[in-house]
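**Student:** Structure file input-v1.pdb, PDB, C-alpha atoms, pLDDT in the B column, is pasted below:
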```
MODEL        1
ATOM      1  CA  MET Q   1      50.006  32.389 -11.492  1.00 67.00           C
ATOM      2  CA  ARG Q   2      48.214  30.092  -9.022  1.00 72.00           C
ATOM      3  CA  LYS Q   3      45.733  32.834  -8.235  1.00 70.00           C
ATOM      4  CA  ARG Q   4      44.794  33.032 -11.922  1.00 73.00           C
ATOM      5  CA  TYR Q   5      44.275  29.270 -12.111  1.00 68.00           C
ATOM      6  CA  ALA Q   6      42.223  29.324  -8.916  1.00 66.00           C
ATOM      7  CA  ALA Q   7      40.165  32.254 -10.193  1.00 67.00           C
ATOM      8  CA  ALA Q   8      39.643  30.486 -13.518  1.00 65.00           C
ATOM      9  CA  LEU Q   9      38.513  27.293 -11.757  1.00 63.00           C
ATOM     10  CA  VAL Q  10      36.067  29.213  -9.570  1.00 62.00           C
ATOM     11  CA  LEU Q  11      34.728  31.033 -12.615  1.00 59.00           C
ATOM     12  CA  ILE Q  12      34.328  27.810 -14.604  1.00 67.00           C
ATOM     13  CA  ALA Q  13      32.662  26.031 -11.677  1.00 60.00           C
ATOM     14  CA  GLY Q  14      30.276  28.944 -11.176  1.00 57.00           C
ATOM     15  CA  LEU Q  15      29.367  29.070 -14.847  1.00 53.00           C
ATOM     16  CA  THR Q  16      28.911  25.321 -14.969  1.00 57.00           C
ATOM     17  CA  LEU Q  17      26.588  25.194 -11.982  1.00 50.00           C
ATOM     18  CA  SER Q  18      24.581  28.230 -12.988  1.00 49.00           C
ATOM     19  CA  GLY Q  19      24.274  26.987 -16.548  1.00 48.00           C
ATOM     20  CA  CYS Q  20      22.818  23.585 -15.688  1.00 49.00           C
ATOM     21  CA  ASP Q  21      19.237  24.782 -15.975  1.00 47.00           C
ATOM     22  CA  THR Q  22      19.998  26.577 -19.201  1.00 47.00           C
ATOM     23  CA  PHE Q  23      21.662  23.467 -20.620  1.00 48.00           C
ATOM     24  CA  ASN Q  24      18.697  21.298 -19.616  1.00 45.00           C
ATOM     25  CA  ASN Q  25      16.262  23.794 -21.117  1.00 45.00           C
ATOM     26  CA  LEU Q  26      18.131  23.699 -24.402  1.00 48.00           C
ATOM     27  CA  PHE Q  27      19.086  20.043 -24.633  1.00 49.00           C
ATOM     28  CA  GLY Q  28      17.289  18.180 -21.860  1.00 51.00           C
ATOM     29  CA  ASP Q  29      13.958  16.447 -21.564  1.00 51.00           C
ATOM     30  CA  ASN Q  30      11.837  19.310 -20.327  1.00 52.00           C
ATOM     31  CA  ASP Q  31       8.789  18.113 -22.190  1.00 59.00           C
ATOM     32  CA  ARG Q  32       5.533  17.531 -20.387  1.00 76.00           C
ATOM     33  CA  PHE Q  33       5.045  13.900 -19.366  1.00 84.00           C
ATOM     34  CA  ILE Q  34       1.732  12.411 -18.291  1.00 87.00           C
ATOM     35  CA  ASN Q  35       1.407   8.966 -16.706  1.00 92.00           C
ATOM     36  CA  VAL Q  36      -1.703   7.436 -18.249  1.00 93.00           C
ATOM     37  CA  THR Q  37      -3.593   4.215 -18.822  1.00 94.00           C
ATOM     38  CA  VAL Q  38      -4.551   3.078 -22.297  1.00 95.00           C
ATOM     39  CA  ALA Q  39      -8.148   4.216 -21.737  1.00 94.00           C
ATOM     40  CA  GLU Q  40      -6.922   7.710 -20.871  1.00 92.00           C
ATOM     41  CA  ALA Q  41      -4.576   7.755 -23.895  1.00 91.00           C
ATOM     42  CA  LEU Q  42      -7.525   6.979 -26.159  1.00 91.00           C
ATOM     43  CA  THR Q  43      -9.343  10.120 -25.037  1.00 89.00           C
ATOM     44  CA  LEU Q  44      -6.442  12.550 -24.586  1.00 86.00           C
ATOM     45  CA  PRO Q  45      -6.441  15.593 -26.851  1.00 84.00           C
ATOM     46  CA  VAL Q  46      -3.538  15.744 -29.260  1.00 83.00           C
ATOM     47  CA  ARG Q  47      -1.080  18.443 -28.172  1.00 79.00           C
ATOM     48  CA  ARG Q  48       2.391  19.061 -29.497  1.00 77.00           C
ATOM     49  CA  ASP Q  49       5.261  18.213 -27.115  1.00 75.00           C
ATOM     50  CA  THR Q  50       3.047  16.439 -24.612  1.00 77.00           C
ATOM     51  CA  TYR Q  51       4.283  12.925 -23.981  1.00 89.00           C
ATOM     52  CA  VAL Q  52       2.795   9.951 -22.184  1.00 93.00           C
ATOM     53  CA  ARG Q  53       4.186   7.138 -20.102  1.00 94.00           C
ATOM     54  CA  VAL Q  54       2.198   3.925 -20.118  1.00 95.00           C
ATOM     55  CA  THR Q  55       2.810   0.269 -19.227  1.00 96.00           C
ATOM     56  CA  GLY Q  56       1.225  -2.671 -20.974  1.00 96.00           C
ATOM     57  CA  ILE Q  57       1.580  -5.664 -23.252  1.00 96.00           C
ATOM     58  CA  VAL Q  58       2.369  -5.555 -26.964  1.00 93.00           C
ATOM     59  CA  GLY Q  59      -0.288  -7.291 -29.018  1.00 93.00           C
ATOM     60  CA  GLU Q  60      -0.266  -8.476 -32.593  1.00 92.00           C
ATOM     61  CA  ARG Q  61       1.504  -6.646 -35.380  1.00 87.00           C
ATOM     62  CA  LEU Q  62      -0.798  -4.948 -37.871  1.00 87.00           C
ATOM     63  CA  GLY Q  63       0.251  -6.342 -41.238  1.00 81.00           C
ATOM     64  CA  HIS Q  64       3.818  -5.630 -42.322  1.00 73.00           C
ATOM     65  CA  SER Q  65       3.786  -2.131 -40.909  1.00 78.00           C
ATOM     66  CA  GLU Q  66       5.387  -0.605 -37.841  1.00 83.00           C
ATOM     67  CA  TYR Q  67       2.048  -0.634 -35.992  1.00 88.00           C
ATOM     68  CA  PHE Q  68       1.165  -2.948 -33.115  1.00 91.00           C
ATOM     69  CA  TRP Q  69      -1.746  -3.281 -30.732  1.00 94.00           C
ATOM     70  CA  PHE Q  70      -0.885  -2.326 -27.167  1.00 96.00           C
ATOM     71  CA  SER Q  71      -3.085  -3.065 -24.171  1.00 96.00           C
ATOM     72  CA  ASP Q  72      -3.383  -2.859 -20.428  1.00 96.00           C
ATOM     73  CA  ASP Q  73      -6.257  -3.670 -18.076  1.00 95.00           C
ATOM     74  CA  THR Q  74      -8.229  -0.637 -19.277  1.00 95.00           C
ATOM     75  CA  GLY Q  75      -8.205  -1.029 -23.060  1.00 95.00           C
ATOM     76  CA  ARG Q  76      -6.318  -1.337 -26.329  1.00 96.00           C
ATOM     77  CA  ILE Q  77      -4.591   1.260 -28.553  1.00 95.00           C
ATOM     78  CA  ARG Q  78      -2.327   1.189 -31.575  1.00 94.00           C
ATOM     79  CA  ILE Q  79       1.347   2.055 -31.124  1.00 93.00           C
ATOM     80  CA  GLU Q  80       3.811   3.018 -33.840  1.00 90.00           C
ATOM     81  CA  PHE Q  81       7.542   2.420 -34.062  1.00 84.00           C
ATOM     82  CA  ASP Q  82       8.667   4.927 -36.688  1.00 72.00           C
ATOM     83  CA  ARG Q  83      11.102   3.322 -39.143  1.00 68.00           C
ATOM     84  CA  GLU Q  84      13.542   6.242 -39.131  1.00 69.00           C
ATOM     85  CA  ARG Q  85      13.720   6.385 -35.345  1.00 67.00           C
ATOM     86  CA  TRP Q  86      14.088   2.625 -34.854  1.00 65.00           C
ATOM     87  CA  SER Q  87      16.157   1.912 -37.990  1.00 59.00           C
ATOM     88  CA  PHE Q  88      19.015   0.378 -35.981  1.00 57.00           C
ATOM     89  CA  HIS Q  89      16.736  -2.616 -35.280  1.00 60.00           C
ATOM     90  CA  PRO Q  90      16.593  -5.138 -38.155  1.00 57.00           C
ATOM     91  CA  ASN Q  91      13.109  -6.101 -36.926  1.00 61.00           C
ATOM     92  CA  PRO Q  92      10.664  -4.158 -34.774  1.00 62.00           C
ATOM     93  CA  PRO Q  93      12.137  -3.590 -31.309  1.00 72.00           C
ATOM     94  CA  VAL Q  94       9.325  -5.591 -29.679  1.00 81.00           C
ATOM     95  CA  GLN Q  95       7.493  -8.815 -30.283  1.00 83.00           C
ATOM     96  CA  PRO Q  96       3.871  -9.677 -29.502  1.00 89.00           C
ATOM     97  CA  GLY Q  97       3.524 -10.663 -25.861  1.00 93.00           C
ATOM     98  CA  ASP Q  98       6.346  -8.402 -24.615  1.00 91.00           C
ATOM     99  CA  ARG Q  99       5.518  -6.379 -21.515  1.00 94.00           C
ATOM    100  CA  ILE Q 100       6.948  -2.893 -21.985  1.00 92.00           C
ATOM    101  CA  ARG Q 101       6.929   0.548 -20.417  1.00 93.00           C
ATOM    102  CA  ILE Q 102       6.661   3.340 -22.962  1.00 92.00           C
ATOM    103  CA  THR Q 103       8.793   5.990 -21.274  1.00 90.00           C
ATOM    104  CA  LYS Q 104       8.262   8.599 -23.988  1.00 91.00           C
ATOM    105  CA  GLY Q 105       5.358   8.327 -26.378  1.00 92.00           C
ATOM    106  CA  GLU Q 106       3.503  11.050 -28.231  1.00 92.00           C
ATOM    107  CA  ILE Q 107      -0.241  10.934 -28.803  1.00 91.00           C
ATOM    108  CA  GLU Q 108      -1.162  11.310 -32.463  1.00 90.00           C
ATOM    109  CA  ARG Q 109      -4.491  11.047 -34.215  1.00 88.00           C
ATOM    110  CA  ASP Q 110      -5.464   9.569 -37.560  1.00 85.00           C
ATOM    111  CA  ARG Q 111      -8.810   8.619 -39.079  1.00 87.00           C
ATOM    112  CA  ASP Q 112      -9.088   5.591 -36.781  1.00 85.00           C
ATOM    113  CA  GLY Q 113      -8.430   7.461 -33.517  1.00 87.00           C
ATOM    114  CA  ASN Q 114      -5.484   8.040 -31.225  1.00 90.00           C
ATOM    115  CA  ILE Q 115      -2.117   6.331 -31.669  1.00 92.00           C
ATOM    116  CA  ILE Q 116       0.958   6.385 -29.442  1.00 93.00           C
ATOM    117  CA  GLU Q 117       4.147   7.041 -31.381  1.00 92.00           C
ATOM    118  CA  VAL Q 118       6.927   5.407 -29.370  1.00 91.00           C
ATOM    119  CA  TYR Q 119      10.104   7.436 -28.912  1.00 89.00           C
ATOM    120  CA  ARG Q 120      11.554   5.494 -25.971  1.00 88.00           C
ATOM    121  CA  MET Q 121      10.586   2.291 -24.245  1.00 88.00           C
ATOM    122  CA  ARG Q 122      12.004  -0.496 -22.159  1.00 88.00           C
ATOM    123  CA  ARG Q 123      11.080  -4.125 -21.670  1.00 87.00           C
ATOM    124  CA  LEU Q 124       9.886  -5.203 -18.242  1.00 88.00           C
TER     125      LEU Q 124
ENDMDL
END
```
Let's see the structure in the file written out as structure tokens.

**Tutor:**
Amino acid sequence: MRKRYAAALVLIAGLTLSGCDTFNNLFGDNDRFINVTVAEALTLPVRRDTYVRVTGIVGERLGHSEYFWFSDDTGRIRIEFDRERWSFHPNPPVQPGDRIRITKGEIERDRDGNIIEVYRMRRL
């Protein structure tokens, strides 16, 4: 009986360790991340599943929308906090003047140029 339990534990441990990469490929963050400045984000081509990391200061809010200006020493770009993704916040998750690190943002383009859609960020 103990041999069966020991064999089962070895089998489970082996499957768990060998399956880590598979689990991360299915459910993990295996997207491509690029550390950029705002100036580089303004000129990046838009590619699906390519995400940026950038640090800067949140500027003024653009009207009553989820858009803000975001800047660093190299330039200024618009960022978007999608309402569905950030719906747990009664107000936008940042205020003008906050220094943040966008840890996962996707470059999008509209008629006015590139935008960073913020998926994850943290205040500094």

**Student:** Need to verify the contact set: region 36-42 of chain Q, 10 Å, all atoms listed in the file, exclusion of same-chain residues closer than 2 positions in sequence. Can you return it as a list in words?

**Tutor:**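 Residues near the query, excluding close chain neighbours: Phe33, Ile34, Leu44, Pro45, Val46, Tyr51, Val52, Arg53, Val54, Thr55, Gly56, Phe70, Ser71, Asp72, Asp73, Thr74, Gly75, Arg76, Ile77, Arg78, Glu106, Ile107, Glu108, Arg109, Gly113, Asn114, Ile115 and Ile116 of chain Q.
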
**Student:** Can you work out which one of Q:Gly63, Q:Arg32, Q:Lys104, Q:Val118 has the shortest atom-to-atom distance to Arg48 (chain Q), counting all atoms listed in the file?

**Tutor:**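 The shortest atom-to-atom distance to Arg48 (chain Q) comes from Q:Arg32.
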
**Student:** Got a sec: who's within 6 Å of Thr103 (chain Q), counting all atoms listed in the file, leaving out chain neighbours fewer than 2 positions off, as a PyMOL selection string?

**Tutor:** chain Q and resi 53+101+120-121

**Student:** Quote the spacing between CA of Leu62 (chain Q) and CA of Phe81 (chain Q) in Å to one decimal place.

**Tutor:** 11.8 Å

**Student:** Give the answer as one residue: which of Q:Tyr119, Q:Gly97, Q:Asp110, Q:Gly105 has the shortest atom-to-atom distance to Asp82 (chain Q), using all atoms listed in the file?

**Tutor:**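 Smallest distance to Asp82 (chain Q) is found for Q:Tyr119.
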
**Student:** What does the distance from CA of Glu60 (chain Q) to CA of Asn35 (chain Q) come to in Å, to one decimal?

**Tutor:**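 Taking CA of Glu60 (chain Q) as the start and CA of Asn35 (chain Q) as the end point, the length is 23.7 Å.
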
**Student:** Just how far from CA of Ile57 (chain Q) is CA of Gln95 (chain Q), in Å to one decimal?

**Tutor:**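 One can read the CA of Gln95 (chain Q) to CA of Ile57 (chain Q) distance as 9.7 Å.
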
**Student:** First collect every listed atom of region 37-49 of chain Q; then fit an axis-aligned box around them, widen it by 4 Å on each side, and give centre and edge lengths in Å to one decimal, as JSON.

**Tutor:**
```
{"center_x": -2.0, "center_y": 11.1, "center_z": -24.2, "size_x": 22.6, "size_y": 24.0, "size_z": 18.7}
```

**Student:** Pick from Q:Thr43, Q:Arg99, Q:Thr50, Q:Val94: nearest to Glu66 (chain Q), with only C-alpha atoms counted?

**Tutor:**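 Under the stated criterion, the closest residue is Q:Val94.
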
**Student:** Find, counting all atoms listed in the file, the residue in Q:Arg47, Q:Tyr67, Q:Ile102, Q:Arg111 that gets nearest to Glu80 (chain Q).

**Tutor:**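 When distances to Glu80 (chain Q) are compared using all atoms listed in the file, the smallest one comes from Q:Tyr67.
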